[in-house]
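Asker: The structure under discussion is supplied below as structure tokens; questions concerning it will follow.
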Amino acid sequence: RIGFRGTEDLSGGLKAMFNLEAGVSLDTGNGDAALFGRRAVVGLEGGFGLVTIGREYTPIASIAGQSDILGQGFYGTNLAAFNTGRLTRRLSNSINYKSNAMSGFKLLAAYGLGETSTGPSGDTAGVALEYANGPLFVGAGYHQVERLASGDDKEYTVGAGYKFGMVEVKGNYMVGDRTGANNKFEQLNLGAAVAVGSAGKVYVNLQRNEQASAKGNLLALAYSHSLSKRTNVYTT
């Protein structure tokens, strides 16, 4: 990905910010269908937290990212739960809020406009609560999407993680329950990472996917070796 971001101090503890991110395939040089489809927001940040408008990551996406042992960067991550017809990872035409930490808790909320001219609005509302304290992380999120006149789609996620010295464990349960028969998608992840020496780390994640009568399991293994603070090599 390639991006541009910046902040400006407006005094009194208030800052203006912007963030534009585009996806680029390094093997072909091709970009995403939308120029800044990854993230495209402007916002204000202060003692109240952060408010952004534009195309932003959803509350559930925050929980999923922090409870994925593979960091959503290796093969076998929970990103499959965000495929078409499942859960929502990004919201266009949205207004978003993220509070500052309060005794370890953070509140996230979002509302995205579907901008449809007829029928159901296509609007999406989402909320999530995170708790982080030292090695512990726990979070839960919920989305409701007005897609069909017959009923709203519902999405929810719970996730957690804990670090025991050189060992870290993370897991999550993710559901996309779309209106209609046999549309409910469920994904369960449980993984661990173990430090190897001063620069290496081994990852393992077991994933279970279910939708209607279709069921499948995926076991992912990965190894990452740090060459510097910002450079690593890995296999997965």
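Here's how to read the names in the structure tokens: chain A, B, ... by the order shown, residue numbers from 1 in each chain, ligand numbers from 1 in the order shown.
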I'd like the contact shell of Ser92 (chain A) - 7 Å cut-off, only C-alpha atoms, skipping same-chain residues fewer than 6 positions apart - returned as a ChimeraX atom specification.
Answerer: /A:54-56,112
Asker: Can you tell me, as an NGL selection string, what residues are no more than 7 Å from region 3-13 of chain A when counting only C-alpha atoms, ignoring any on the same chain fewer than 4 positions away?
Answerer: :A and (17-22 or 46-47)
Asker: Convert the current residue selection to file output with all heavy atoms, as an mmCIF file, in the first residue's frame.
Answerer:
```
data_model
loop_
_atom_site.group_PDB
_atom_site.id
_atom_site.type_symbol
_atom_site.label_atom_id
_atom_site.label_comp_id
_atom_site.auth_asym_id
_atom_site.auth_seq_id
_atom_site.Cartn_x
_atom_site.Cartn_y
_atom_site.Cartn_z
ATOM 1 N N MET A 17 -6.585 16.285 10.971
ATOM 2 C CA MET A 17 -5.801 15.201 10.369
ATOM 3 C C MET A 17 -6.419 14.759 9.049
ATOM 4 O O MET A 17 -7.590 15.015 8.770
ATOM 5 C CB MET A 17 -5.709 14.009 11.329
ATOM 6 C CG MET A 17 -7.053 13.400 11.756
ATOM 7 S SD MET A 17 -7.852 12.276 10.550
ATOM 8 C CE MET A 17 -6.692 10.908 10.533
ATOM 9 N N PHE A 18 -5.596 14.103 8.217
ATOM 10 C CA PHE A 18 -6.099 13.447 7.018
ATOM 11 C C PHE A 18 -5.288 12.187 6.801
ATOM 12 O O PHE A 18 -4.146 12.060 7.256
ATOM 13 C CB PHE A 18 -6.012 14.356 5.785
ATOM 14 C CG PHE A 18 -4.616 14.536 5.244
ATOM 15 C CD1 PHE A 18 -4.131 13.692 4.249
ATOM 16 C CD2 PHE A 18 -3.786 15.541 5.735
ATOM 17 C CE1 PHE A 18 -2.841 13.863 3.746
ATOM 18 C CE2 PHE A 18 -2.502 15.710 5.241
ATOM 19 C CZ PHE A 18 -2.029 14.869 4.243
ATOM 20 N N ASN A 19 -5.886 11.203 6.112
ATOM 21 C CA ASN A 19 -5.198 9.957 5.804
ATOM 22 C C ASN A 19 -5.768 9.389 4.507
ATOM 23 O O ASN A 19 -6.975 9.180 4.393
ATOM 24 C CB ASN A 19 -5.385 8.952 6.950
ATOM 25 C CG ASN A 19 -4.476 7.733 6.799
ATOM 26 O OD1 ASN A 19 -4.468 7.078 5.785
ATOM 27 N ND2 ASN A 19 -3.716 7.444 7.843
ATOM 28 N N LEU A 20 -4.900 9.176 3.533
ATOM 29 C CA LEU A 20 -5.276 8.583 2.250
ATOM 30 C C LEU A 20 -4.402 7.363 2.016
ATOM 31 O O LEU A 20 -3.171 7.459 2.072
ATOM 32 C CB LEU A 20 -5.065 9.585 1.106
ATOM 33 C CG LEU A 20 -5.848 10.900 1.181
ATOM 34 C CD1 LEU A 20 -5.369 11.851 0.089
ATOM 35 C CD2 LEU A 20 -7.342 10.639 1.042
ATOM 36 N N GLU A 21 -5.029 6.209 1.761
ATOM 37 C CA GLU A 21 -4.276 4.975 1.536
ATOM 38 C C GLU A 21 -4.788 4.270 0.293
ATOM 39 O O GLU A 21 -5.998 4.118 0.104
ATOM 40 C CB GLU A 21 -4.405 4.033 2.731
ATOM 41 C CG GLU A 21 -3.727 4.538 3.997
ATOM 42 C CD GLU A 21 -3.825 3.538 5.127
ATOM 43 O OE1 GLU A 21 -4.253 2.386 4.875
ATOM 44 O OE2 GLU A 21 -3.495 3.901 6.267
ATOM 45 N N ALA A 22 -3.848 3.837 -0.553
ATOM 46 C CA ALA A 22 -4.174 3.119 -1.778
ATOM 47 C C ALA A 22 -3.491 1.763 -1.760
ATOM 48 O O ALA A 22 -2.371 1.626 -1.264
ATOM 49 C CB ALA A 22 -3.724 3.916 -2.999
ATOM 50 N N GLY A 46 -8.881 15.367 19.613
ATOM 51 C CA GLY A 46 -8.678 16.180 20.803
ATOM 52 C C GLY A 46 -8.976 15.390 22.061
ATOM 53 O O GLY A 46 -8.980 14.155 22.051
ATOM 54 N N GLY A 47 -9.281 16.109 23.148
ATOM 55 C CA GLY A 47 -9.584 15.455 24.401
ATOM 56 C C GLY A 47 -10.829 14.599 24.350
ATOM 57 O O GLY A 47 -11.014 13.710 25.187
#
```
Asker: Could you pull out the strand (DSSP E) residues of region 102-169 of chain A, going by DSSP on the backbone, and write them as a ChimeraX atom specification?
Answerer: /A:105-112,124-133,136-148,151-164,167-169
Asker: Please list as a ChimeraX atom specification every residue within 6 Å of Gly141 (chain A), counting only C-alpha atoms and excluding residues in the same chain fewer than 5 positions away.
Answerer: /A:60,127-128,156-157
Asker: Do you know which residues are at most 12 Å from Gly159 (chain A) counting only C-alpha atoms, after dropping those on the same chain fewer than 3 positions away, and could you put them as an MDAnalysis selection string?
Answerer: chainID A and resid 60:69 78 128:132 136:141 156 162 169:175 187:191
Asker: So that I can check the secondary structure, give me every residue of region 58-177 of chain A assigned alpha helix (DSSP H) by backbone DSSP, as a list of chain:residue names.
Answerer: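 Those in region 58-177 of chain A that DSSP calls alpha helix (DSSP H) are A:Pro59, A:Ile60, A:Ala61, A:Ser62, A:Ile63, A:Ala64, A:Gly65, A:Gln66.
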Asker: What would the file look like if the residues just selected were written as a compact mmCIF listing (two decimals), in the first residue's frame with N, CA and C atoms?
Answerer:
```txt
# COMPACT_ATOMS: atom_id res chain seq x y z
N PRO A 59 -15.94 -0.46 13.15
CA PRO A 59 -15.65 -0.89 14.51
C PRO A 59 -15.28 -2.37 14.61
N ILE A 60 -16.00 -3.23 13.86
CA ILE A 60 -15.67 -4.65 13.89
C ILE A 60 -14.28 -4.92 13.32
N ALA A 61 -13.88 -4.16 12.30
CA ALA A 61 -12.55 -4.34 11.72
C ALA A 61 -11.46 -4.10 12.74
N SER A 62 -11.68 -3.15 13.66
CA SER A 62 -10.69 -2.88 14.71
C SER A 62 -10.54 -4.08 15.64
N ILE A 63 -11.67 -4.68 16.05
CA ILE A 63 -11.62 -5.85 16.92
C ILE A 63 -10.95 -7.02 16.21
N ALA A 64 -11.31 -7.24 14.95
CA ALA A 64 -10.76 -8.35 14.18
C ALA A 64 -9.25 -8.22 14.01
N GLY A 65 -8.78 -7.02 13.73
CA GLY A 65 -7.36 -6.81 13.53
C GLY A 65 -6.54 -7.05 14.77
N GLN A 66 -7.05 -6.61 15.92
CA GLN A 66 -6.29 -6.73 17.16
C GLN A 66 -6.37 -8.12 17.78
```
Asker: Contacts between region 209-225 of chain A and region 3-101 of chain A, please, where a residue of region 3-101 of chain A counts if it comes within 8 Å (with only C-alpha atoms); show its shortest atom pair and distance in Å to one decimal, rows by chain and ascending number, as CSV.
Answerer:
```
residue,atom,partner,partner_atom,distance
A:Phe74,CA,A:Ala222,CA,7.1
A:Tyr75,CA,A:Ala220,CA,6.7
A:Gly76,CA,A:Ala220,CA,5.4
```
Asker: For the selection just defined, write its residues with all heavy atoms to a file, as a PDB file, in the first residue's frame.
Answerer:
```pdb
ATOM      1  N   PHE A  74      -0.435 -12.552   7.033  1.00  0.00           N
ATOM      2  CA  PHE A  74       0.012 -13.840   6.524  1.00  0.00           C
ATOM      3  C   PHE A  74      -1.171 -14.599   5.918  1.00  0.00           C
ATOM      4  O   PHE A  74      -2.324 -14.213   6.078  1.00  0.00           O
ATOM      5  CB  PHE A  74       0.629 -14.679   7.648  1.00  0.00           C
ATOM      6  CG  PHE A  74       1.837 -14.066   8.291  1.00  0.00           C
ATOM      7  CD1 PHE A  74       1.909 -13.910   9.666  1.00  0.00           C
ATOM      8  CD2 PHE A  74       2.911 -13.630   7.530  1.00  0.00           C
ATOM      9  CE1 PHE A  74       3.022 -13.351  10.268  1.00  0.00           C
ATOM     10  CE2 PHE A  74       4.026 -13.063   8.115  1.00  0.00           C
ATOM     11  CZ  PHE A  74       4.083 -12.931   9.498  1.00  0.00           C
ATOM     12  N   TYR A  75      -0.878 -15.732   5.281  1.00  0.00           N
ATOM     13  CA  TYR A  75      -1.935 -16.585   4.745  1.00  0.00           C
ATOM     14  C   TYR A  75      -2.739 -17.184   5.908  1.00  0.00           C
ATOM     15  O   TYR A  75      -2.170 -17.612   6.911  1.00  0.00           O
ATOM     16  CB  TYR A  75      -1.335 -17.706   3.902  1.00  0.00           C
ATOM     17  CG  TYR A  75      -2.363 -18.686   3.405  1.00  0.00           C
ATOM     18  CD1 TYR A  75      -3.186 -18.368   2.321  1.00  0.00           C
ATOM     19  CD2 TYR A  75      -2.529 -19.920   4.027  1.00  0.00           C
ATOM     20  CE1 TYR A  75      -4.143 -19.267   1.867  1.00  0.00           C
ATOM     21  CE2 TYR A  75      -3.486 -20.821   3.578  1.00  0.00           C
ATOM     22  CZ  TYR A  75      -4.282 -20.485   2.503  1.00  0.00           C
ATOM     23  OH  TYR A  75      -5.229 -21.365   2.066  1.00  0.00           O
ATOM     24  N   GLY A  76      -4.067 -17.228   5.761  1.00  0.00           N
ATOM     25  CA  GLY A  76      -4.897 -17.849   6.780  1.00  0.00           C
ATOM     26  C   GLY A  76      -5.422 -16.899   7.827  1.00  0.00           C
ATOM     27  O   GLY A  76      -5.903 -17.326   8.877  1.00  0.00           O
TER      28      GLY A  76
END
```
Asker: Rank nothing, just name the residue among A:Asn133, A:Asp177, A:Glu186, A:Asn93 nearest to Val42 (chain A), using only C-alpha atoms.
Answerer: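 Checking each candidate against Val42 (chain A), we get A:Asn93 as the closest.
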Asker: Could you work out how far CA of Ser94 (chain A) lies from CA of Leu35 (chain A), giving the answer in Å with one decimal?
Answerer: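 It comes out at 17.5 Å.
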Asker: Identify which of the residues A:Gly31, A:Gly200, A:Gly37, A:Pro120 lies closest to Arg90 (chain A), counting only C-alpha atoms when measuring atom-to-atom distances.
Answerer: A:Gly37
Asker: What's the separation between CA of Ala101 (chain A) and CA of Arg39 (chain A), in Å to one decimal place?
Answerer: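 Distance between the two atoms: 22.9 Å.
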Asker: Pick the closest to Val194 (chain A) from A:Gly73, A:Gly119, A:Gly104, A:Gly165: which is it, counting only C-alpha atoms?
Answerer: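 Comparing A:Gly73, A:Gly119, A:Gly104, A:Gly165 against Val194 (chain A), the winner is A:Gly165.
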Asker: Could you work out how far CA of Ala110 (chain A) lies from CA of Ala181 (chain A), giving the answer in Å with one decimal?
Answerer: 27.5 Å
